[in-house]
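For reference, my_file-v9.pdb is printed below; it contains PDB, C-alpha atoms and all ligand atoms.
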```pdb
MODEL        1
ATOM      1  CA  MET I 193       0.000   0.000   0.000  1.00  0.00           C
ATOM      2  CA  VAL I 194       1.387   3.368  -1.009  1.00  0.00           C
ATOM      3  CA  LEU I 195       1.493   5.721   1.981  1.00  0.00           C
ATOM      4  CA  PRO I 196       1.265   9.517   1.885  1.00  0.00           C
ATOM      5  CA  ILE I 197       4.696  11.156   2.267  1.00  0.00           C
ATOM      6  CA  LYS I 198       5.004  13.698   5.073  1.00  0.00           C
ATOM      7  CA  LYS I 199       6.347  17.016   3.885  1.00  0.00           C
ATOM      8  CA  PHE I 200       8.311  19.650   5.784  1.00  0.00           C
ATOM      9  CA  PRO I 201       7.349  21.319   8.161  1.00  0.00           C
ATOM     10  CA  ASP I 202       5.428  18.266   9.439  1.00  0.00           C
ATOM     11  CA  LYS I 203       6.593  17.755  13.037  1.00  0.00           C
ATOM     12  CA  VAL I 204       7.004  14.008  12.622  1.00  0.00           C
ATOM     13  CA  LEU I 205      10.178  14.690  10.612  1.00  0.00           C
ATOM     14  CA  ARG I 206      11.707  16.115  13.812  1.00  0.00           C
ATOM     15  CA  ALA I 207      10.311  13.546  16.278  1.00  0.00           C
ATOM     16  CA  PRO I 208      12.768  11.141  18.015  1.00  0.00           C
ATOM     17  CA  THR I 209      12.716   7.602  16.604  1.00  0.00           C
ATOM     18  CA  GLN I 210      12.432   4.297  18.480  1.00  0.00           C
ATOM     19  CA  LYS I 211      14.481   1.165  17.880  1.00  0.00           C
ATOM     20  CA  VAL I 212      12.789  -1.644  15.954  1.00  0.00           C
ATOM     21  CA  ALA I 213      12.339  -4.818  18.060  1.00  0.00           C
ATOM     22  CA  PHE I 214      12.773  -8.387  16.792  1.00  0.00           C
ATOM     23  CA  PRO I 215      11.131 -10.652  15.829  1.00  0.00           C
ATOM     24  CA  LEU I 216       9.320  -8.103  13.691  1.00  0.00           C
ATOM     25  CA  SER I 217       5.717  -7.388  14.659  1.00  0.00           C
ATOM     26  CA  GLU I 218       3.027  -7.718  12.009  1.00  0.00           C
ATOM     27  CA  GLU I 219       2.764  -3.937  12.092  1.00  0.00           C
ATOM     28  CA  MET I 220       6.483  -3.531  11.316  1.00  0.00           C
ATOM     29  CA  LYS I 221       6.337  -6.134   8.534  1.00  0.00           C
ATOM     30  CA  LYS I 222       3.430  -4.254   6.965  1.00  0.00           C
ATOM     31  CA  LEU I 223       5.205  -0.915   7.389  1.00  0.00           C
ATOM     32  CA  THR I 224       8.267  -2.342   5.598  1.00  0.00           C
ATOM     33  CA  LEU I 225       6.175  -3.546   2.638  1.00  0.00           C
ATOM     34  CA  ASP I 226       4.245  -0.270   2.512  1.00  0.00           C
ATOM     35  CA  MET I 227       7.477   1.740   2.547  1.00  0.00           C
ATOM     36  CA  ILE I 228       8.791  -0.365  -0.342  1.00  0.00           C
ATOM     37  CA  ASP I 229       5.587   0.340  -2.308  1.00  0.00           C
ATOM     38  CA  THR I 230       5.836   4.028  -1.416  1.00  0.00           C
ATOM     39  CA  VAL I 231       9.493   4.567  -2.399  1.00  0.00           C
ATOM     40  CA  LYS I 232       8.870   2.831  -5.721  1.00  0.00           C
ATOM     41  CA  ALA I 233       5.682   4.809  -6.436  1.00  0.00           C
ATOM     42  CA  ALA I 234       7.501   8.064  -5.629  1.00  0.00           C
ATOM     43  CA  ASP I 235      10.458   7.008  -7.796  1.00  0.00           C
ATOM     44  CA  GLY I 236      12.723   7.683  -4.819  1.00  0.00           C
ATOM     45  CA  ILE I 237      16.111   6.114  -4.065  1.00  0.00           C
ATOM     46  CA  GLY I 238      15.501   5.945  -0.342  1.00  0.00           C
ATOM     47  CA  LEU I 239      12.817   6.448   2.283  1.00  0.00           C
ATOM     48  CA  ALA I 240      12.908   6.621   6.079  1.00  0.00           C
ATOM     49  CA  ALA I 241       9.991   5.731   8.379  1.00  0.00           C
ATOM     50  CA  PRO I 242       9.499   9.301   9.721  1.00  0.00           C
ATOM     51  CA  GLN I 243       8.705  10.333   6.135  1.00  0.00           C
ATOM     52  CA  VAL I 244       5.566   8.202   6.302  1.00  0.00           C
ATOM     53  CA  GLY I 245       4.720   9.350   9.814  1.00  0.00           C
ATOM     54  CA  LYS I 246       6.278   6.485  11.813  1.00  0.00           C
ATOM     55  CA  SER I 247       8.923   7.354  14.416  1.00  0.00           C
ATOM     56  CA  VAL I 248      10.985   4.172  14.120  1.00  0.00           C
ATOM     57  CA  LYS I 249      14.509   3.342  12.960  1.00  0.00           C
ATOM     58  CA  LEU I 250      13.689   1.822   9.584  1.00  0.00           C
ATOM     59  CA  VAL I 251      14.842   2.880   6.125  1.00  0.00           C
ATOM     60  CA  VAL I 252      14.509   1.367   2.663  1.00  0.00           C
ATOM     61  CA  ILE I 253      17.151   1.797  -0.023  1.00  0.00           C
ATOM     62  CA  ASN I 254      15.958   1.610  -3.639  1.00  0.00           C
ATOM     63  CA  LEU I 255      18.924   1.595  -6.001  1.00  0.00           C
ATOM     64  CA  GLU I 256      17.360  -0.820  -8.478  1.00  0.00           C
ATOM     65  CA  LYS I 257      18.367   1.564 -11.260  1.00  0.00           C
ATOM     66  CA  SER I 258      21.997   0.978 -10.252  1.00  0.00           C
ATOM     67  CA  GLY I 259      21.396  -2.769 -10.393  1.00  0.00           C
ATOM     68  CA  LEU I 260      20.943  -3.365  -6.673  1.00  0.00           C
ATOM     69  CA  GLU I 261      18.018  -5.170  -5.138  1.00  0.00           C
ATOM     70  CA  LEU I 262      15.810  -2.989  -2.964  1.00  0.00           C
ATOM     71  CA  PHE I 263      16.559  -3.583   0.728  1.00  0.00           C
ATOM     72  CA  PRO I 264      15.360  -2.435   4.158  1.00  0.00           C
ATOM     73  CA  LEU I 265      17.716  -1.630   7.033  1.00  0.00           C
ATOM     74  CA  TYR I 266      16.526  -1.802  10.626  1.00  0.00           C
ATOM     75  CA  ASN I 267      18.284   0.184  13.360  1.00  0.00           C
ATOM     76  CA  PRO I 268      21.044   1.375  10.990  1.00  0.00           C
ATOM     77  CA  LYS I 269      24.090   3.046  12.532  1.00  0.00           C
ATOM     78  CA  ILE I 270      27.110   4.564  10.861  1.00  0.00           C
ATOM     79  CA  LEU I 271      30.113   3.014  12.595  1.00  0.00           C
ATOM     80  CA  LYS I 272      32.857   4.788  10.635  1.00  0.00           C
ATOM     81  CA  ARG I 273      33.067   7.761   8.320  1.00  0.00           C
ATOM     82  CA  GLY I 274      35.931   8.121   5.855  1.00  0.00           C
ATOM     83  CA  PHE I 275      38.143  11.201   5.899  1.00  0.00           C
ATOM     84  CA  LYS I 276      37.508  12.077   2.247  1.00  0.00           C
ATOM     85  CA  LYS I 277      34.347  14.116   1.589  1.00  0.00           C
ATOM     86  CA  VAL I 278      32.387  14.619  -1.608  1.00  0.00           C
ATOM     87  CA  GLU I 279      29.803  17.267  -2.510  1.00  0.00           C
ATOM     88  CA  ILE I 280      26.780  15.972  -4.446  1.00  0.00           C
ATOM     89  CA  GLU I 281      23.396  17.520  -5.255  1.00  0.00           C
ATOM     90  CA  GLU I 282      20.595  16.068  -3.117  1.00  0.00           C
ATOM     91  CA  GLY I 283      16.854  16.357  -2.941  1.00  0.00           C
ATOM     92  CA  CYS I 284      14.303  14.827  -0.570  1.00  0.00           C
ATOM     93  CA  LEU I 285      10.792  13.429  -1.003  1.00  0.00           C
ATOM     94  CA  SER I 286       9.766  15.426   2.087  1.00  0.00           C
ATOM     95  CA  LEU I 287      11.117  18.656   0.583  1.00  0.00           C
ATOM     96  CA  PRO I 288       9.719  18.804  -2.961  1.00  0.00           C
ATOM     97  CA  GLY I 289      11.312  21.499  -5.121  1.00  0.00           C
ATOM     98  CA  ILE I 290      14.379  21.890  -2.869  1.00  0.00           C
ATOM     99  CA  PHE I 291      17.781  20.839  -4.174  1.00  0.00           C
ATOM    100  CA  GLY I 292      21.281  21.709  -3.114  1.00  0.00           C
ATOM    101  CA  MET I 293      24.844  20.587  -2.669  1.00  0.00           C
ATOM    102  CA  VAL I 294      25.491  18.389   0.362  1.00  0.00           C
ATOM    103  CA  LYS I 295      28.986  17.495   1.511  1.00  0.00           C
ATOM    104  CA  ARG I 296      29.309  14.072   3.078  1.00  0.00           C
ATOM    105  CA  PRO I 297      32.025  11.480   3.687  1.00  0.00           C
ATOM    106  CA  LYS I 298      32.551   9.344   0.589  1.00  0.00           C
ATOM    107  CA  LYS I 299      33.045   6.090   2.445  1.00  0.00           C
ATOM    108  CA  ILE I 300      31.128   4.765   5.429  1.00  0.00           C
ATOM    109  CA  LYS I 301      30.879   1.587   7.456  1.00  0.00           C
ATOM    110  CA  VAL I 302      27.323   0.709   8.434  1.00  0.00           C
ATOM    111  CA  GLU I 303      25.833  -1.670  10.972  1.00  0.00           C
ATOM    112  CA  ALA I 304      22.151  -2.585  10.783  1.00  0.00           C
ATOM    113  CA  GLN I 305      19.747  -5.524  11.090  1.00  0.00           C
ATOM    114  CA  ASN I 306      17.968  -7.338   8.273  1.00  0.00           C
ATOM    115  CA  MET I 307      14.326  -8.514   8.305  1.00  0.00           C
ATOM    116  CA  LYS I 308      15.307 -11.581  10.341  1.00  0.00           C
ATOM    117  CA  GLY I 309      17.039  -9.442  12.950  1.00  0.00           C
ATOM    118  CA  GLU I 310      20.493 -10.636  11.863  1.00  0.00           C
ATOM    119  CA  LYS I 311      23.315  -8.132  12.202  1.00  0.00           C
ATOM    120  CA  VAL I 312      24.695  -6.895   8.885  1.00  0.00           C
ATOM    121  CA  VAL I 313      27.874  -4.827   8.564  1.00  0.00           C
ATOM    122  CA  PHE I 314      29.065  -3.356   5.277  1.00  0.00           C
ATOM    123  CA  GLU I 315      31.212  -0.631   3.762  1.00  0.00           C
ATOM    124  CA  ASP I 316      30.417   1.457   0.708  1.00  0.00           C
ATOM    125  CA  ASP I 317      31.858   4.470  -1.087  1.00  0.00           C
ATOM    126  CA  GLY I 318      29.248   4.915  -3.830  1.00  0.00           C
ATOM    127  CA  TRP I 319      25.506   5.514  -4.064  1.00  0.00           C
ATOM    128  CA  VAL I 320      24.633   3.193  -1.187  1.00  0.00           C
ATOM    129  CA  SER I 321      26.906   5.273   1.065  1.00  0.00           C
ATOM    130  CA  ARG I 322      25.234   8.499  -0.032  1.00  0.00           C
ATOM    131  CA  VAL I 323      21.655   7.259   0.287  1.00  0.00           C
ATOM    132  CA  VAL I 324      22.233   5.498   3.622  1.00  0.00           C
ATOM    133  CA  GLN I 325      23.736   8.703   5.046  1.00  0.00           C
ATOM    134  CA  HIS I 326      20.701  10.726   3.897  1.00  0.00           C
ATOM    135  CA  GLU I 327      18.248   8.173   5.346  1.00  0.00           C
ATOM    136  CA  VAL I 328      20.111   7.730   8.652  1.00  0.00           C
ATOM    137  CA  ASP I 329      19.940  11.527   8.949  1.00  0.00           C
ATOM    138  CA  HIS I 330      16.120  11.242   8.743  1.00  0.00           C
ATOM    139  CA  ILE I 331      16.184   8.759  11.619  1.00  0.00           C
ATOM    140  CA  ASP I 332      18.251  11.296  13.554  1.00  0.00           C
ATOM    141  CA  ASN I 333      15.778  14.041  12.500  1.00  0.00           C
ATOM    142  CA  VAL I 334      18.335  15.832  10.308  1.00  0.00           C
ATOM    143  CA  LEU I 335      17.086  17.218   6.976  1.00  0.00           C
ATOM    144  CA  ILE I 336      19.044  18.406   3.932  1.00  0.00           C
ATOM    145  CA  ILE I 337      17.952  21.989   4.649  1.00  0.00           C
ATOM    146  CA  ASP I 338      20.093  21.713   7.809  1.00  0.00           C
ATOM    147  CA  LEU I 339      23.110  20.774   5.672  1.00  0.00           C
ATOM    148  CA  ILE I 340      22.855  22.627   2.354  1.00  0.00           C
ATOM    149  CA  LYS I 341      25.081  25.694   2.046  1.00  0.00           C
ATOM    150  CA  LYS I 342      24.563  26.156  -1.703  1.00  0.00           C
ATOM    151  CA  TYR I 343      21.068  25.691  -3.142  1.00  0.00           C
ATOM    152  CA  THR I 344      20.486  24.718  -6.762  1.00  0.00           C
ATOM    153  CA  GLN I 345      16.679  24.981  -6.495  1.00  0.00           C
ATOM    154  CA  GLY I 346      14.129  26.323  -4.018  1.00  0.00           C
ATOM    155  CA  GLU I 347      16.312  28.719  -2.035  1.00  0.00           C
ATOM    156  CA  ASP I 348      13.548  31.359  -1.823  1.00  0.00           C
ATOM    157  CA  LEU I 349      11.214  28.879  -0.167  1.00  0.00           C
ATOM    158  CA  VAL I 350      13.902  27.918   2.366  1.00  0.00           C
ATOM    159  CA  LYS I 351      14.544  31.598   3.136  1.00  0.00           C
ATOM    160  CA  ALA I 352      10.813  32.094   3.755  1.00  0.00           C
ATOM    161  CA  TRP I 353      10.774  29.092   6.147  1.00  0.00           C
ATOM    162  CA  LYS I 354      13.773  30.532   7.994  1.00  0.00           C
ATOM    163  CA  LYS I 355      11.974  33.863   8.324  1.00  0.00           C
ATOM    164  CA  GLN I 356       8.990  32.004   9.798  1.00  0.00           C
ATOM    165  CA  LYS I 357      11.435  30.255  12.156  1.00  0.00           C
ATOM    166  CA  LEU I 358      10.336  26.841  10.905  1.00  0.00           C
ATOM    167  CA  PHE I 359      13.872  25.552  11.326  1.00  0.00           C
TER     168      PHE I 359
HETATM  169 ZN    ZN I 401      14.982  12.682   2.514  1.00  0.00          ZN
ENDMDL
END
```

Could you take the file, read its structure, and then write that structure out as structure tokens?
Ligand SMILES: [Zn+2]
Amino acid sequence: MVLPIKKFPDKVLRAPTQKVAFPLSEEMKKLTLDMIDTVKAADGIGLAAPQVGKSVKLVVINLEKSGLELFPLYNPKILKRGFKKVEIEEGCLSLPGIFGMVKRPKKIKVEAQNMKGEKVVFEDDGWVSRVVQHEVDHIDNVLIIDLIKKYTQGEDLVKAWKKQKLF
């Protein structure tokens, strides 16, 4: 089931998230499937649970266009960040019309759990690294508007939000 995507300034995007418990509840299994439907329908490369109004540590990564199978990560944590940083243009499904350059470490080491609750640890220095960092930020209530120094689209809207003290 495709879920509505919460847009800034919805407060749920800034609400603390809870750890996912295992074995997965029926509710969490359904949320995972719904988030997969939602990220695909929105043609997004990643989606975090707060973006569909659920304050839990769950993200889905959809890099099928890069040849990877879509996968969920439960309770993801970035264990290590590489020294080298790269600046890439990012957008966000919760911030339609806003794009800008975001500087992030190129390489990260991630620890998370899979659907069975098994621990998974991996390193990446490509798109998975970039998308996981963006989605883990959502779980930590950080949005790209907190990080962008140089906007490529939508700067006027962001300035108006700042004036209204929305962030
Ligand atoms: Zn986002």

Nearby residues, ligand ZN 401 (chain I), 6 Å, all atoms listed in the file, as a VMD selection string: chain I and resid 284 to 286

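Around stretch 197-210 of chain I, within 8 Å and counting only C-alpha atoms, the residues found are Pro242, Gln243, Val244, Gly245, Lys246, Ser247, Val248, Lys249, Leu285, Ser286, Leu287, Pro288, His330, Ile331, Asp332, Asn333, Val334 and Leu358 of chain I, once anything fewer than 6 positions away on its own chain is removed.
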
Point-to-point distance in Å for atom CA of I:Val350 and atom CA of I:Leu239: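 Calculated distance between atom CA of I:Leu239 and atom CA of I:Val350 is 21.5 Å.
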
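When atom CA of I:Tyr266 is paired with atom CA of I:Ala234, their separation reads 21.0 Å.
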
Given the PyMOL selection byres (((chain I and resi 313) around 12) and not hetatm), the residues it picks as a ChimeraX atom specification: /I:265-272,300-306,310-312,314-316

I:Thr344 surroundings by all atoms listed in the file, 9 Å radius, close-in-sequence under 4 positions cut, as a PyMOL selection string: chain I and resi 281+290-293

Can you sort out the box for stretch 335-341 of chain I, edges along x, y and z, all listed atoms in, 6 Å on every side, with centre and edge lengths in Å to one decimal, as AutoDock Vina command-line options?
```
--center_x 21.1 --center_y 21.5 --center_z 4.9 --size_x 20.0 --size_y 20.5 --size_z 17.8
```

For I:Phe263: contacts at 9 Å, only C-alpha atoms, fewer than 3 positions along chain excluded, given as a VMD selection string: chain I and resid 228 251 to 255 260 306

Because the input lacks atoms here, generate N, CA and C atoms for stretch 259-282 of chain I and report them as an mmCIF file, in the frame of the given file.
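Printed below is selection_29.cif as written:
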```cif
data_model
loop_
_atom_site.group_PDB
_atom_site.id
_atom_site.type_symbol
_atom_site.label_atom_id
_atom_site.label_comp_id
_atom_site.auth_asym_id
_atom_site.auth_seq_id
_atom_site.Cartn_x
_atom_site.Cartn_y
_atom_site.Cartn_z
ATOM 1 N N GLY I 259 21.225 -1.325 -10.331
ATOM 2 C CA GLY I 259 21.396 -2.769 -10.393
ATOM 3 C C GLY I 259 21.387 -3.472 -9.047
ATOM 4 N N LEU I 260 20.989 -2.751 -8.006
ATOM 5 C CA LEU I 260 20.943 -3.365 -6.673
ATOM 6 C C LEU I 260 19.505 -3.735 -6.331
ATOM 7 N N GLU I 261 19.353 -4.804 -5.586
ATOM 8 C CA GLU I 261 18.018 -5.170 -5.138
ATOM 9 C C GLU I 261 17.594 -4.226 -4.011
ATOM 10 N N LEU I 262 16.323 -3.860 -4.014
ATOM 11 C CA LEU I 262 15.810 -2.989 -2.964
ATOM 12 C C LEU I 262 15.962 -3.680 -1.600
ATOM 13 N N PHE I 263 16.411 -2.942 -0.582
ATOM 14 C CA PHE I 263 16.559 -3.583 0.728
ATOM 15 C C PHE I 263 16.204 -2.645 1.879
ATOM 16 N N PRO I 264 15.611 -3.218 2.962
ATOM 17 C CA PRO I 264 15.360 -2.435 4.158
ATOM 18 C C PRO I 264 16.536 -2.563 5.127
ATOM 19 N N LEU I 265 16.736 -1.556 5.947
ATOM 20 C CA LEU I 265 17.716 -1.630 7.033
ATOM 21 C C LEU I 265 17.003 -1.232 8.314
ATOM 22 N N TYR I 266 17.124 -2.086 9.326
ATOM 23 C CA TYR I 266 16.526 -1.802 10.626
ATOM 24 C C TYR I 266 17.630 -1.361 11.581
ATOM 25 N N ASN I 267 17.341 -0.333 12.352
ATOM 26 C CA ASN I 267 18.284 0.184 13.360
ATOM 27 C C ASN I 267 19.670 0.470 12.763
ATOM 28 N N PRO I 268 19.733 1.126 11.600
ATOM 29 C CA PRO I 268 21.044 1.375 10.990
ATOM 30 C C PRO I 268 21.849 2.402 11.793
ATOM 31 N N LYS I 269 23.158 2.153 11.807
ATOM 32 C CA LYS I 269 24.090 3.046 12.532
ATOM 33 C C LYS I 269 25.330 3.194 11.661
ATOM 34 N N ILE I 270 25.857 4.380 11.592
ATOM 35 C CA ILE I 270 27.110 4.564 10.861
ATOM 36 C C ILE I 270 28.258 4.406 11.855
ATOM 37 N N LEU I 271 29.036 3.339 11.643
ATOM 38 C CA LEU I 271 30.113 3.014 12.595
ATOM 39 C C LEU I 271 31.358 3.834 12.326
ATOM 40 N N LYS I 272 31.629 4.079 11.025
ATOM 41 C CA LYS I 272 32.857 4.788 10.635
ATOM 42 C C LYS I 272 32.578 5.662 9.444
ATOM 43 N N ARG I 273 33.178 6.852 9.460
ATOM 44 C CA ARG I 273 33.067 7.761 8.320
ATOM 45 C C ARG I 273 34.463 8.023 7.783
ATOM 46 N N GLY I 274 34.625 7.888 6.468
ATOM 47 C CA GLY I 274 35.931 8.121 5.855
ATOM 48 C C GLY I 274 36.319 9.588 5.935
ATOM 49 N N PHE I 275 37.615 9.838 5.801
ATOM 50 C CA PHE I 275 38.143 11.201 5.899
ATOM 51 C C PHE I 275 37.746 12.024 4.668
ATOM 52 N N LYS I 276 37.775 11.373 3.500
ATOM 53 C CA LYS I 276 37.508 12.077 2.247
ATOM 54 C C LYS I 276 36.021 12.425 2.107
ATOM 55 N N LYS I 277 35.744 13.700 1.769
ATOM 56 C CA LYS I 277 34.347 14.116 1.589
ATOM 57 C C LYS I 277 34.069 14.458 0.134
ATOM 58 N N VAL I 278 32.801 14.262 -0.253
ATOM 59 C CA VAL I 278 32.387 14.619 -1.608
ATOM 60 C C VAL I 278 31.110 15.455 -1.530
ATOM 61 N N GLU I 279 30.978 16.401 -2.471
ATOM 62 C CA GLU I 279 29.803 17.267 -2.510
ATOM 63 C C GLU I 279 28.929 16.846 -3.697
ATOM 64 N N ILE I 280 27.692 16.459 -3.407
ATOM 65 C CA ILE I 280 26.780 15.972 -4.446
ATOM 66 C C ILE I 280 25.426 16.656 -4.248
ATOM 67 N N GLU I 281 24.722 16.913 -5.351
ATOM 68 C CA GLU I 281 23.396 17.520 -5.255
ATOM 69 C C GLU I 281 22.399 16.505 -4.698
ATOM 70 N N GLU I 282 21.619 16.940 -3.704
ATOM 71 C CA GLU I 282 20.595 16.068 -3.117
ATOM 72 C C GLU I 282 19.240 16.756 -3.103
#
```
